[in-house]
Amino acid sequence: MKRIMSIFNEGVLDLLANAGVAIPYFFCLTLYNHNKSIFAYALPFLMLYTFRALGMLLTTFITLPASTMLAMSSLFGVIGSLCILGAGNPVFGTIGGVFLGLASSWIWPYYLTVRSRGQMDKEFKFNRMHGLSVLLTLIILGIAQLASTKTQFLSLSFILLAFLFFAAMVGGLQITHRLTFYQGMEKKPKFHVNSLFSLIVLASLVMLIFIIRYTRLKAVSNSFDLIISLAAIVLFLFLAYYQIDIHKKLFPLSMSAVNRGVVMNYVMLYAIFDSTIRFGYNTLMLVYALYLIGFQVGPFLNRRHQSWRFPLLLIGLILALFNYTYFVGLFFCAVFVGSDNRILNDGLYSNANIDSERAFLIKYQLSSVGNVSQQLVYMTTIYFISYFLKINALGFFNNNITDGPTIGILYGVHIFITAVVFIYAVVTFYFVHKHETKKTITTL
């Protein structure tokens, strides 16, 4: 029985690590949709979104082993889920959203770091029984979500989520206890601020991303649109400056990691809003399914046609410009992310300029930069358009808005955003291809 519980806990950890970004987000979104008339219920969703987007940038200031941070991320998931049971109170809703956002942001990269270390030292193996526990957990989650939605007893979802995060925390402790590398590495929690400027930039980003998410739920004045746009431009430049040192050390791998974040945000955030407005139905699950399938297909591309990944991305972006091939284009972009992800992992893990223990964390930090940057470019674009054309920016996210953008404006924005992603991908392709060619010649 003890072994069965141990396998179950580790399987739950694997599931939450892989789907930890989506499950709390979906639960908080469902909670908000059932309580739209009460602003307090928007706070968990807004804070989850904000800290999920920026959580990896916070890890720059935290000096703790990956094993400790993995346990902490699961603990934050427990605390966040329980706090949201009292989401009618703005304080509990805010705290719950912050903790769930950090848990969603941290659990996968720290789990990946610990699991990779265990596989490298041949002390961890994911077997068929773990896979069965993942399947069982998915079934339980589906039943609980369906039951809570039908009965309006949404607290059931968060009670279950708290239980699963607790199981994941136990599973993580079991795994790290078996790994000799982490024995005796525990440190007292330490939050190290490299510079006041960095902290100010990060705090400003937190507030801006929160405001950006809020303005997707509630209409604001056109003047406020302009203020957000100008703030986004300034913070975008600061964010770029903030990463210069690490870019110098890892170039062009750093460009690839940022590009990964840009493409992921294009598919998983921007394209969901764009396609929902364009086609008139909620495309969230369709796009998410295409992304998951494409991500899994991507590594197979590397076996024989590794050099095809960037051309495939560029073709995908072009196909996404047209309605008939829109979702095919997104699938190609997802295949690229899956393919490039494996190459990026190998490149960072073997890079002499960084500690292997922080390789995956740096990848996700740089991906977060790309994610946030692409989001700031998108929001700046639509807020400028909303200000100068005097239209409701909320119409870019909700097709029921009467004074929102026309089809022509929506398509124009889509062309511009796709072009920005395309240009960055081309520049990244140039430097990465040049680096790979040079590396091949040196090896020969």
# chains A, B, ... in the order shown; residues from 1 in each chain; ligands from 1
>>> residues_around(residues="Val262 (chain A)", least_positions_apart="2", cutoff="9 Å", atoms="only C-alpha atoms", output="list in words")
Ala257, Val258, Asn259, Arg260, Met264, Asn265, Tyr266, Val267, Ser367, Ser368, Val369, Gly370, Asn371, Val372, Ser373, Gln374, Gln375, Val421, Tyr424 and Ala425 of chain A
>>> residues_around(residues="region 151-166 of chain A", least_positions_apart="6", cutoff="8 Å", atoms="only C-alpha atoms", output="list in words")
Val12, Leu13, Leu16, Pro24, Phe27, Leu31, Ser74, Leu75, Gly77, Val78, Ile79, Gly80, Ser81, Leu82, Ile84, Leu85, Leu141, Ala144 and Gln145 of chain A
>>> closest_residue(among="A:Ala103, A:Ala271, A:Ile62, A:Val170", to="Gly329 (chain A)", atoms="only C-alpha atoms")
A:Ala271
>>> atom_distance(atom1="CA of Val21 (chain A)", atom2="CA of Arg52 (chain A)")
7.6 Å
>>> closest_residue(among="A:Phe336, A:Tyr270, A:Tyr411, A:Phe8", to="Ala167 (chain A)", atoms="only C-alpha atoms")
A:Phe8
>>> atom_distance(atom1="CA of Lys434 (chain A)", atom2="CA of Gln306 (chain A)")
14.4 Å
>>> residues_around(residues="Asn399 (chain A)", least_positions_apart="5", cutoff="8 Å", atoms="only C-alpha atoms", output="PDB file with N, CA and C atoms, in the first residue's frame")
ATOM      1  N   ILE A 277     -12.253  35.565 -31.656  1.00  0.00           N
ATOM      2  CA  ILE A 277     -12.956  36.709 -32.254  1.00  0.00           C
ATOM      3  C   ILE A 277     -13.188  36.463 -33.740  1.00  0.00           C
ATOM      4  N   GLY A 280     -15.623  33.193 -34.139  1.00  0.00           N
ATOM      5  CA  GLY A 280     -16.905  33.292 -33.449  1.00  0.00           C
ATOM      6  C   GLY A 280     -17.206  32.200 -32.447  1.00  0.00           C
ATOM      7  N   GLY A 404     -16.447  47.810 -30.722  1.00  0.00           N
ATOM      8  CA  GLY A 404     -15.095  47.277 -30.832  1.00  0.00           C
ATOM      9  C   GLY A 404     -14.529  47.420 -32.227  1.00  0.00           C
TER      10      GLY A 404
END
>>> atom_distance(atom1="CA of Arg178 (chain A)", atom2="CA of Lys363 (chain A)")
25.9 Å
>>> residues_around(residues="Thr402 (chain A)", least_positions_apart="6", cutoff="12 Å", atoms="only C-alpha atoms", output="number ranges by chain")
A: 391-396
>>> residues_around(residues="region 287-296 of chain A", least_positions_apart="3", cutoff="9 Å", atoms="only C-alpha atoms", output="VMD selection string")
chain A and resid 264 267 to 268 271 to 272 283 to 284 299 to 300 327 to 328 330 to 339 341
>>> select_by_dssp(residues="region 216-443 of chain A", states="helix (DSSP H, G or I)", output="ChimeraX atom specification")
/A:222-242,244-250,253-279,284-319,323-349,356-389,393-396,407-443
>>> residues_around(residues="Ile227 (chain A)", least_positions_apart="6", cutoff="10 Å", atoms="only C-alpha atoms", output="compact mmCIF listing (two decimals) with N, CA, C and O atoms, in the first residue's frame")
# COMPACT_ATOMS: atom_id res chain seq x y z
N THR A 380 0.46 47.03 -26.55
CA THR A 380 0.79 48.38 -27.00
C THR A 380 0.11 48.68 -28.33
O THR A 380 -0.46 49.76 -28.54
N TYR A 383 -3.77 49.07 -27.87
CA TYR A 383 -4.15 50.25 -27.10
C TYR A 383 -3.90 51.54 -27.87
O TYR A 383 -4.66 52.50 -27.76
N PHE A 384 -2.83 51.57 -28.66
CA PHE A 384 -2.61 52.72 -29.54
C PHE A 384 -3.75 52.84 -30.55
O PHE A 384 -4.27 53.93 -30.80
N TYR A 387 -6.88 54.08 -28.89
CA TYR A 387 -6.84 55.50 -28.55
C TYR A 387 -7.07 56.37 -29.77
O TYR A 387 -7.90 57.28 -29.75
>>> closest_residue(among="A:Phe310, A:Phe224, A:Tyr378, A:Phe422", to="Lys390 (chain A)", atoms="only C-alpha atoms")
A:Phe224
>>> residues_around(residues="Pro90 (chain A)", least_positions_apart="2", cutoff="10 Å", atoms="only C-alpha atoms", output="list in words")
Phe39, Ala40, Tyr41, Ala42, Leu43, Pro44, Ile84, Gly86, Ala87, Gly88, Phe92, Gly93, Thr94, Ile95 and Gly96 of chain A
>>> closest_residue(among="A:Thr406, A:Ser104, A:Gln174, A:Ser116", to="Asn18 (chain A)", atoms="only C-alpha atoms")
A:Ser104
